[in-house]
Amino acid sequence: MENNQPMPSAAAPEGKLTAKTRGIFFFVVLILFGIFAVGLKWIFSVSPGNAPFFLFDYAVGLSMIFLPCTLPLAFVIVPLAMGKGYARGLGIAISFGIGVAITLSFYGALIGAFGQALGVSKVELAKNILYTIAGFMAIFFALGEIGLTKFRMPTYSGKIPGFIQRRQEFLKAGLLGLFLGNVGVGCPNPLFNAVIIPQIIATGSVFQGWLIMFVQALGRFTPLLLLAMLGILGVNATAFLVSRRGVVERATGWATVFVGGFMLTLGLFTHDWYVYSGIHTLLEQLTQEETITNILGQRAGLLGHAHTFPSGTGILGQPLSWGSWFMVAIWLIPIFWYWFLKKKDFKALPESEKAMQGSVFKWMTSYLITLSVLLVLVFGYFLPYRFKNMNMMEGMHNDMEMSAVPVIKAFLAATPGPLEVNIPTRLAFNFLDDNDKILTGIQAGHESVMHIFIVKDDFSVFAHLHPEDSEPITQEMLDNAVFAVNYTFPSEGNWRILAQIVHEDHEIVKDFGSFSIGRHSGTNTLTTDLSREKFFGQSEEYRVTISSNPAKIIAGQPVKLDYYIEKDRQPVMDIVPYLGAAMHFAIWSIDQETFSHDHGMLEGETTDEHHGTLLNTVYAHGEVEPAADDNHSETDALPAEFGPDIILNHTFPYAGYWKIFGQFKRGDQVVITDFMVQVFPNPVDMREESTHAH
């Protein structure tokens with residue numbers, strides 16, 4: 001049962017505040033206002049990766065007051081607290097805030113459990129699902145606020161369940177907070193959906209999800225508490241908005257339609273559509289920096305990804321080119337729906353009023369038609385066409401650079417097939433040139449004609465193989481450009497295989513995609529482990545500690561990772577070269593879309609970096625990065641023995657979690673290490689600060 005009566009207005013105060021109490025109360029109001037003002041200024045001037053996360057989380061909560069997920073709560077908390085006296089009014093306001101915090105933190109725990117179920121490697125899928133849900137909820141609420149449906153948010157309509165209305169004041173305020181906290185779950189705030197939600201998913205922790213959303217709730221409640229305390233002092237800061245409630249409802253409603261339409265499209269058509277749509281490019285060129293794009297979620301999520309040319313599909317397999325038209329349609333449907341209802345109302349008017357309202361209706365019709373045409377032309381045609389044209393021009397500009405990189409085709413054959421668990425398998429790799437002829441000119445790189453990297457999707461198994469491991473390289477192999485390795489897949493699941501060769505002084509990495517082995521379906525769960533000290537070896541006899549300089553790894557900026565190797569608490573001083581390097585490293589982004597094969601060096605040694613990449617990288621600005629252009633030069637001869645420090649110099653191209661497998665050799669034993677690091681977004685344009693996705 002619902003009580004549809006409007007909320008009571010402020011009653012007479014129970015008692016007057018003393019001058020001292022009023023002064024303290026006013027001082028607290030000033031502090032809250034200062035926190036609110038400074039927080040808003042800070043949130044729009046800082047890169048998420050350079051900010052303490054929980055402080056950023058709190059500041060994002062402050063910004064929610066301007067959105068329809070928090071602003072309507074002001075129309076509830078101010079009347080509840082006004083006129084109740086200092087103690088009761090403040091207690092009622094805090095009770096309301098506790099209720100909101102309980103609801104939001106509960107949803108945070110649920111999202112954490114959702115992330116735990118999917119695993120950090122599927123954060124992009126989880127983000128797309130949540131974008132879709134948030135966009136749908138935003139549009140659902142917005143249609144009611146602009147008068148197209150009968151569903152209204154309870155904060156605007158005043159409809160509150162009767163069992164809540166019948167409670168005592170403090171309990172009633174708490175229950176109201178619990179009830180109305182649901183309104184803010186699917187809030188269409190890009191900061192919230194691109195940074196806060198993905199971080200909860202990435203942690204995969206129920207407690208962390210609860211804590212993150214609890215801090216978020218504190219941020220949302222701060223401006224509400226400020227308004228409530230002003231009301232207790234007799235200043236109704238919401239009076240202006242209340243007197244113009246209709247305008248506020250319509251303005252927030254229409255704004256939510258457009259934001260919700262964008263988020264729904266982003267969720268259904270993925271981030272690749274966002275690049276393809278040209279919206280990202282336009283924002284970047286307007287700002288000349290990535291702060292806005294960070295805010296909107298390109299790299300702000302701490303689990304980013306490189307932008308390959310956007311030629312994929314949406315989460316349901318739909319073409320990316322449909323995305324912009326879908327978004328425009330989502331925007332146009334409410335516009336024409338609104339016009340149809342207004343036309344119906346106009347026709348129902350008496351003839352005497354039609355003459356007066358006719359010009360207004362014609363003006364509105366012209367305005368809506370003009371707006372619709374502009375939306376179709378700008379977002380449906382102009383921006384996508386502009387982005388594709390920019391890519392074409394940039395591609396022509398880079399033709400000479402790209403032509404230096406040989407086009408190589410690679411094929412993989414498995415014997416016996418199909419792949420099975422615990423069955424010794426021969427993996428044969430065949431290389432052809434762009435004319436489908438046998439590839440010539442293959443060179444040895446780091447003492448091997450080919451490096452094969454095999455990894456399971458949860459990174460629980462890793463292998464670095466070479467044809468020389470099982471048989472010597474013959475002239476026939478070189479003449480036919482066919483090389484093979486033997487491997488036994490130890491478990492069911494999804495596996496990825498890459499091959500690296502050196503051809504005409506270019507390191508070429510070929511990705512053979514993901515293979516599913518056995519009856520396993522779906523993906524394995526990958527948990528985050530940012531430990532900097534681990535034990536490795538057959539008996540875990542080697543303790544390896546890594547440290548980074550700088551301590552905080554920033555995307556696009558060089559970082560020095562120092563591997564310190566001990567055994568029996570003593571530094572290991574007799575490490576020997578492994579395949580011509582102090583140490584080999586296989587570096588993967590958590591989604592396995594970017595890979596790098598690097599080599600360690602000793603302190604004081606200088607060497608060229610050696611990189612490979614899975615795909616040509618096309619950035620939203622339009623530049624095309626050559627796939628694998630690395631003028632390889634061998635390092636100076638290593639000493640026969642060295643240790644305990646081995647250095648990895650690397651530049652991570654974008655933010656996210658990265659897995660680093662390392663290999664060092666001592667005696668006849670090759671020891672595999674594995675660490676996970678977190679890379680934070682770079683607020684500076686990565687076109688200038690890095691060489692992109694190496």
# chains A, B, ... in the order shown; residues from 1 in each chain; ligands from 1
>>> select_by_dssp(residues="region 447-674 of chain A", states="strand (DSSP E)", output="count of residues only")
102
>>> select_by_dssp(residues="region 430-656 of chain A", states="alpha helix (DSSP H)", output="count of residues only")
6
>>> residues_around(residues="region 204-216 of chain A", least_positions_apart="4", cutoff="6 Å", atoms="only C-alpha atoms", output="list in words")
Asp57, Tyr58, Gly61, Ala101, Leu104, Ser105, Gly108, Ala109, Gly112, Ala113, Gly115, Gln116 and Ile200 of chain A
>>> write_last_selection(atoms="N, CA and C atoms", output="compact mmCIF listing (two decimals), in the first residue's frame")
# COMPACT_ATOMS: atom_id res chain seq x y z
N ASP A 57 37.02 7.97 -5.41
CA ASP A 57 35.70 7.37 -5.26
C ASP A 57 34.76 8.31 -4.51
N TYR A 58 35.25 8.89 -3.41
CA TYR A 58 34.45 9.83 -2.62
C TYR A 58 34.08 11.06 -3.44
N GLY A 61 31.37 10.49 -5.83
CA GLY A 61 30.09 10.55 -5.12
C GLY A 61 29.59 11.97 -4.95
N ALA A 101 23.51 4.46 2.50
CA ALA A 101 24.82 3.80 2.49
C ALA A 101 24.67 2.29 2.56
N LEU A 104 23.51 1.06 -1.02
CA LEU A 104 24.55 1.15 -2.05
C LEU A 104 25.70 0.18 -1.77
N SER A 105 26.11 0.05 -0.51
CA SER A 105 27.20 -0.87 -0.20
C SER A 105 26.78 -2.32 -0.42
N GLY A 108 27.32 -2.88 -3.92
CA GLY A 108 28.75 -3.01 -4.15
C GLY A 108 29.24 -4.42 -3.89
N ALA A 109 28.73 -5.03 -2.82
CA ALA A 109 29.10 -6.42 -2.52
C ALA A 109 28.63 -7.35 -3.62
N GLY A 112 30.91 -6.96 -6.56
CA GLY A 112 32.17 -7.65 -6.27
C GLY A 112 32.04 -9.15 -6.49
N ALA A 113 30.91 -9.73 -6.07
CA ALA A 113 30.68 -11.15 -6.30
C ALA A 113 30.57 -11.44 -7.79
N GLY A 115 32.10 -9.77 -10.18
CA GLY A 115 33.47 -9.74 -10.70
C GLY A 115 34.24 -11.00 -10.33
N GLN A 116 33.99 -11.50 -9.13
CA GLN A 116 34.66 -12.73 -8.69
C GLN A 116 34.24 -13.90 -9.56
N ILE A 200 35.63 -2.33 -8.94
CA ILE A 200 34.99 -3.33 -8.09
C ILE A 200 35.08 -4.70 -8.77
>>> residues_around(residues="His466 (chain A)", least_positions_apart="3", cutoff="9 Å", atoms="only C-alpha atoms", output="VMD selection string")
chain A and resid 448 to 452 469 to 470 483 to 485
>>> atom_distance(atom1="CA of Gln318 (chain A)", atom2="CA of Trp331 (chain A)")
19.4 Å
